[in-house]
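Presented below is the structure to which this report refers.
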Amino acid sequence: MSDPLALVPKDPERQTAKDFKTDQEVRWCPGCGDYAILAAVQGFLPELGLKRENIVFVSGIGCSSRFPYYMNTYGMHSIHGRAPAIATGLASSRPDLSVWVVTGDGDALSIGGNHLIHALRRNVNLKILLFNNRIYGLTKGQYSPTSEIGKITKSTPLGSLDSPFNPISLAIGAEASFVARTIDSDRKHLQSVLREAATHNGTALVEIYQNCNIFNDDAFAPLKNPETRDDVTIRLEHGEPIVFGANRDKALRRSASGSLEVVPADSPDVLVHDATNPDPSLAFALSRLDSPAFEHTPIGIFRNVERPSYDELMRTQIDEAIAQQGQGDLAALLGSGDTWRID
Amino acid sequence: MTKQVRQLDRVIIRFAGDSGDGMQLTGDRFTQETAAFGNDLSTLPNFPAEIRAPAGTLPGVSSFQLHFADHDILTPGDAPNVLVAMNPAALKANVGDLPRGADLIVNTDEFTKRALAKVGYAANPLEDGSLDEYRVHSLPLTSMTVKALEDFDISKKDAERAKNMFALGLLSWLYHRPTEATVRFLEVKFAKKPEIMKANIAAFQAGWNYGETTESFSVSYEVKPATLPPGLYRNISGNMALAYGLIAASVRSGLPLFLGSYPITPASDILHELSKHKRFGVRTFQAEDEIAAVGAALGASFGGALGVTTTSGPGLALKAETVGLGVATELPLVVIDVQRAGPSTGMPTKTEQADLLQAMYGRNGEAPVPVVAPATPSDCFATAIEAARIAVKYRTPVILLSDGYLANGSEPWQVPEVDALPQIDPAFAQPGQEEFQPFKRNPDTLARPWAVPGTAGLEHRIGGIEKADGSGNISYDPDNHDLMVRLRQAKIDGIARDIAPVAVDDPDGDARVLVLGWGGTYGAIAAAVRRIRVSGDKVAQAHLRHLNPFPANLEEVLRSYDKVIVPEINLGQLALILRGRFLVDVIGYNRVRGLPFKAEELADVIRDVINS
């Protein structure tokens, strides 16, 4: 399998999180989940050991999209929803870069939904971090495409009417080759997912449940509250039986109808998680376990399959054209076709 | 029987038929033969947007007009001398353009009662005397073709479909065109279907032989080659010339070409052409929509590529926000708009010049971009290079306004020497001693440094939020914003010092009336100006390639004439800008019929203004 970072130059010096911090004052609200994600990313990148100048963060618009200003790498804070498109042009023309997209639920799934699904199906070498707080923060609290139905907000005083997207289901449906979910407050888990995403060949979508303490506080409380979290969180580990619960007494099994059911952990035929299964149906079924009530919510890597990336395929076509026909010769091109000479 | 040969200095032929009759192909081939023969020429394809409009109907008529001559010509011609009509619909749709005495070649096989009724002919026009003022050649083209191909192992339908090649053969005989290239073309086109290939070649030759032996044509015509400057020539369409110009700009700048594009008529051929040239390192990206297409191009520019996006009017509207981001981030970007009739979907295959104000002002905020426009199909080549030159040197999006007429029309092009093409220096920012300031400007050009990822020490963040002068940090400072708005404007205005002054063609220097045009109307205006001068009147002509900024001498030129006529295929968009900018009361001439101007129409307008 191709290593997407093979062509990205490595830094001979040992890096620290501090190397990735900028002199810009971070301007998120105090207590915002974005701080934890920023610290986790800055703490993780030294592990990759890539030259800082060969890393680019591209974002759209929204609270999360301020992220690039705080990363001491190259960066572009672009326009609403378009980061995957802009990053696609960058990543497919520069194999020596590690390109990251930072986006939110409104940016990626509402105004930019089209670009997200097409980036996923193309499998461009992008690592997309989708900060999902289930609310519009920067515009001060309207419901988002991941808000639960009936959500009371400024723009929906009687409750929102539209069904939310499940970003994991959407990504799997869009032919994504890498789909994962993690939580802002679980730094270790977040970094473990980033590690896999960074080295995945193609587009990686990482949904990060992120708390907006101003407009949608405690949106993920059952997953964060020490009293409930172990009971409702299903930690997906590739190759391991899917067992969960505070006492690890619950497990998942495929029912006769094909859907997933929760059974006692000692039941026969407990499901073993296989993120690399070419058939996405089980990953999709896992994604459907997530409900607004958080009865049981899987986190971790749902899907991680090998597929050539768009940019390497594009590069191959160019390399083959040059190998077969030689480097382009401009004079020959301009004088090609039916020509005649006037003396 | 020896047939008479008559000399002509120029001919205008129009092939017209159903959109499934292969008229564009027939016209293209006749054009190639004509180009190879050495005539000067100009073409005007005209076809419906529907791929296969209902057969035999007026909306389904497709035509191809070709003007060729033994001297240099400027337009596809006002009115055809010869009309080839493959069915009643083609006759009805085109006969109105035919001057008295013109030749009319009609495929009588298609003149059935039903086909006539379909387009509202109560009686057969071939029999009711209504065509008496033309020289009508009634020929059963379909049945003659089928008969000529009876020995071939092909279906009757395939035999009938070769009738366009029969017609091409006949016209090739009539005008002494060389035929080798068409035979070669058919050999390549149908290489995988040898029987069809042989049949089409046979139909083509049968058409030629028919001309030689029939008594329907007693005269054939010769149009001597034109005397053009020495050099290597080829025929080229506007879209092809744009594609070549972009590749040339890539080669001459050393920047890899990245095209982000979404299919749209009439711009798609640029995408098709560029996607064939991967050996030049060209990356073509067919995006999910117009917005992604320009976004990817801008992303590639950020990475140090020559980012280009190609579209037509509705697509330009969708790209507006990203062009604004390009203005704010000050990155090079070439945006090509092949204008078509609007608003909205409008008439996708018909030409118009009504996107000028959109290109100039169609963005939020003060977002100036340079705008350039090619004058002829072959001029698209140089204009594409000029757009790239400005984009790279000034770190700015540039909008190039072509149009449907230039895109599909073609003319001979003298192939330039590569060494004579402009060189473009990307002048990427290099690490220095001082702390890097991404918005510290070059004092001459006001361009900011282009620091591409991978350059150590120049890591920086840019975006659509207002930036502090110099450092590029986010800034909401009122005075800084006022300064940045003015700096961005001054940068674009300053390009006027870096472009050629507008040239005025005023042979004796004493004309009192100036005709000023821009873009694809050049040929029609120049042809009209020639007519005026031939008739003894005086008129000056100037044509703008740069619409923003204007050439530095434009105001002076405008003020040195009593009257300035501005013909445009819109309702007066350049005229509005000229009046606003210079307070000069220009006289607009505006028609928006989806068609190029005719020379005679413009000559009448100029004459009226001279005499008023």
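Labels for the structure tokens follow display order: chains A, B, ..., residues from 1 in each chain, ligands from 1.
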- Task: Residues of chain A near chain B: apply a cut-off of 6 Å, count only C-alpha atoms, and supply the list as a list in words.
- Result: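 Selected residues: Glu53, Asn54, Tyr69, Thr73, Tyr74, Gly75, Met76, His77, Ser78, Ala85, Ile86, Ala87, Thr88, Gly89, Leu90, Ile318, Ala321, Ile322, Gln327, Gly328, Ala331, Thr339, Trp340, Arg341, Ile342 and Asp343 of chain A.
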- Item | Contacts of Ile214 (chain A) within 9 Å, only C-alpha atoms, excl. fewer than 3 positions in-chain, as number ranges by chain | A: 29, 31-32, 137, 140-141, 211, 217
May I have the residues from that selection written out with C-alpha atoms, as an mmCIF file, in the first residue's frame?
```
data_model
loop_
_atom_site.group_PDB
_atom_site.id
_atom_site.type_symbol
_atom_site.label_atom_id
_atom_site.label_comp_id
_atom_site.auth_asym_id
_atom_site.auth_seq_id
_atom_site.Cartn_x
_atom_site.Cartn_y
_atom_site.Cartn_z
ATOM 1 C CA CYS A 29 -14.673 31.202 23.796
ATOM 2 C CA GLY A 31 -14.151 26.450 27.692
ATOM 3 C CA CYS A 32 -14.625 25.676 23.979
ATOM 4 C CA GLY A 137 -21.629 28.888 16.775
ATOM 5 C CA LYS A 140 -24.668 32.724 17.290
ATOM 6 C CA GLY A 141 -26.754 29.675 17.739
ATOM 7 C CA ASN A 211 -18.657 20.737 22.852
ATOM 8 C CA ASP A 217 -23.486 22.955 26.084
#
```
- Query: Can you list, as a PyMOL selection string, every protein, DNA or RNA residue that comes within 9 Å of Asp230 (chain A) when you count only C-alpha atoms, leaving out same-chain residues fewer than 4 positions away?
  - Reply: chain A and resi 223-226+234+244-248
Just want the 12 Å neighbourhood of region 475-488 of chain B, counted on only C-alpha atoms, with same-chain residues fewer than 5 positions away dropped. Output as a short mmCIF file (atom, residue, chain, number, x, y, z; two decimals) with N, CA and C atoms, in the first residue's frame.
```cif
data_model
loop_
_atom_site.label_atom_id
_atom_site.label_comp_id
_atom_site.auth_asym_id
_atom_site.auth_seq_id
_atom_site.Cartn_x
_atom_site.Cartn_y
_atom_site.Cartn_z
N GLN A 24 -0.22 33.98 17.40
CA GLN A 24 -1.55 34.58 17.38
C GLN A 24 -2.34 34.19 18.63
N GLY B 324 -13.36 36.34 -5.32
CA GLY B 324 -13.17 37.32 -4.24
C GLY B 324 -12.11 36.85 -3.25
N GLY B 326 -9.64 34.99 -4.02
CA GLY B 326 -8.38 35.19 -4.73
C GLY B 326 -7.92 36.64 -4.66
N VAL B 327 -8.88 37.57 -4.70
CA VAL B 327 -8.56 39.00 -4.57
C VAL B 327 -8.03 39.27 -3.16
N ALA B 328 -8.68 38.68 -2.16
CA ALA B 328 -8.29 38.94 -0.78
C ALA B 328 -6.95 38.28 -0.44
N THR B 329 -6.74 37.05 -0.92
CA THR B 329 -5.49 36.36 -0.59
C THR B 329 -4.38 36.77 -1.55
N GLU B 330 -4.75 37.46 -2.63
CA GLU B 330 -3.78 37.94 -3.62
C GLU B 330 -2.94 36.78 -4.14
N GLY B 365 -18.02 43.44 -1.95
CA GLY B 365 -16.91 44.28 -1.52
C GLY B 365 -16.19 44.92 -2.70
N GLU B 366 -15.16 45.69 -2.38
CA GLU B 366 -14.32 46.27 -3.43
C GLU B 366 -13.34 45.20 -3.86
N ALA B 367 -13.63 44.58 -4.99
CA ALA B 367 -12.84 43.41 -5.40
C ALA B 367 -12.41 43.53 -6.86
N PRO B 368 -11.49 44.46 -7.14
CA PRO B 368 -11.10 44.68 -8.53
C PRO B 368 -10.28 43.51 -9.09
N VAL B 369 -10.58 43.12 -10.31
CA VAL B 369 -9.74 42.14 -11.00
C VAL B 369 -9.45 42.65 -12.42
N PRO B 370 -8.26 42.36 -12.92
CA PRO B 370 -7.98 42.68 -14.32
C PRO B 370 -8.89 41.86 -15.23
N TYR B 394 1.19 40.04 -10.80
CA TYR B 394 0.50 40.90 -9.83
C TYR B 394 -0.23 40.11 -8.74
N ARG B 395 -0.07 38.78 -8.75
CA ARG B 395 -0.70 37.94 -7.71
C ARG B 395 -2.19 38.28 -7.60
N THR B 396 -2.90 38.02 -8.68
CA THR B 396 -4.31 38.39 -8.70
C THR B 396 -5.09 37.48 -9.62
N PRO B 397 -6.37 37.25 -9.32
CA PRO B 397 -7.22 36.62 -10.33
C PRO B 397 -7.34 37.56 -11.54
N PHE B 439 2.27 40.12 3.41
CA PHE B 439 1.59 41.20 2.70
C PHE B 439 2.46 42.47 2.62
N LYS B 440 3.75 42.25 2.59
CA LYS B 440 4.66 43.36 2.33
C LYS B 440 4.82 43.44 0.81
N ARG B 441 4.48 44.58 0.25
CA ARG B 441 4.34 44.65 -1.21
C ARG B 441 5.61 45.09 -1.92
N ASN B 442 5.70 44.64 -3.17
CA ASN B 442 6.72 45.17 -4.07
C ASN B 442 6.37 46.64 -4.35
N PRO B 443 7.30 47.56 -4.09
CA PRO B 443 6.94 48.97 -4.22
C PRO B 443 6.53 49.37 -5.65
N THR B 445 5.13 47.18 -8.21
CA THR B 445 3.91 46.52 -8.70
C THR B 445 2.83 46.46 -7.63
N LEU B 446 3.19 46.69 -6.39
CA LEU B 446 2.31 46.50 -5.23
C LEU B 446 1.91 45.04 -5.04
N ALA B 447 2.58 44.14 -5.77
CA ALA B 447 2.28 42.71 -5.61
C ALA B 447 2.89 42.21 -4.31
N ARG B 448 2.21 41.25 -3.68
CA ARG B 448 2.75 40.69 -2.44
C ARG B 448 3.61 39.47 -2.77
N ILE B 462 -3.10 32.60 5.32
CA ILE B 462 -3.84 33.65 4.64
C ILE B 462 -5.31 33.25 4.60
N GLY B 463 -6.14 34.20 4.26
CA GLY B 463 -7.55 33.87 4.20
C GLY B 463 -8.38 35.04 3.73
N GLY B 464 -9.68 34.88 3.85
CA GLY B 464 -10.59 35.90 3.36
C GLY B 464 -10.82 37.03 4.34
N ILE B 465 -10.39 36.86 5.57
CA ILE B 465 -10.57 37.93 6.55
C ILE B 465 -9.57 39.04 6.26
N GLU B 466 -9.95 40.27 6.53
CA GLU B 466 -9.06 41.40 6.27
C GLU B 466 -7.74 41.22 7.02
N LYS B 467 -6.69 41.57 6.32
CA LYS B 467 -5.35 41.38 6.85
C LYS B 467 -4.68 42.72 7.14
N ALA B 468 -3.82 42.69 8.12
CA ALA B 468 -3.04 43.89 8.40
C ALA B 468 -2.02 44.08 7.29
N ASP B 469 -1.87 45.31 6.83
CA ASP B 469 -0.86 45.66 5.84
C ASP B 469 0.49 45.10 6.33
N GLY B 470 1.19 44.43 5.45
CA GLY B 470 2.50 43.91 5.83
C GLY B 470 2.43 42.54 6.46
N ASP B 493 -5.00 49.08 -10.72
CA ASP B 493 -4.91 50.28 -11.56
C ASP B 493 -3.51 50.43 -12.16
N GLY B 494 -2.52 50.08 -11.35
CA GLY B 494 -1.12 50.27 -11.77
C GLY B 494 -0.72 49.40 -12.94
N ILE B 495 -1.50 48.35 -13.20
CA ILE B 495 -1.18 47.47 -14.34
C ILE B 495 -1.24 48.26 -15.66
#
```
- Message: When you look at Phe185 (chain B) with a cut-off of 12 Å (counting only C-alpha atoms), what residues show up, excluding the ones that are within fewer than 2 positions of it in the same chain? I need them as a count of residues only.
- Response: 25
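Proximity to Pro164 (chain A) at 9 Å, evaluated using only C-alpha atoms and with sequence-adjacent residues fewer than 5 positions away removed, yields A:Ser144, A:Pro145, A:Thr146, A:Ser147, A:Glu148, A:Ile149.
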- Message: So that I can see what lies close to Thr182 (chain A), please list as a count of residues only the residues with an atom at most 8 Å from it, counting only C-alpha atoms and leaving out residues fewer than 3 positions away in the same chain.
- Response: 10
- Message: Between A:Asn125, A:Ile172, A:Ala83, A:Glu306, which residue has the minimum interatomic distance to Ala108 (chain A), considering only C-alpha atoms?
- Response: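 For Ala108 (chain A), the nearest of the given residues is A:Ala83.
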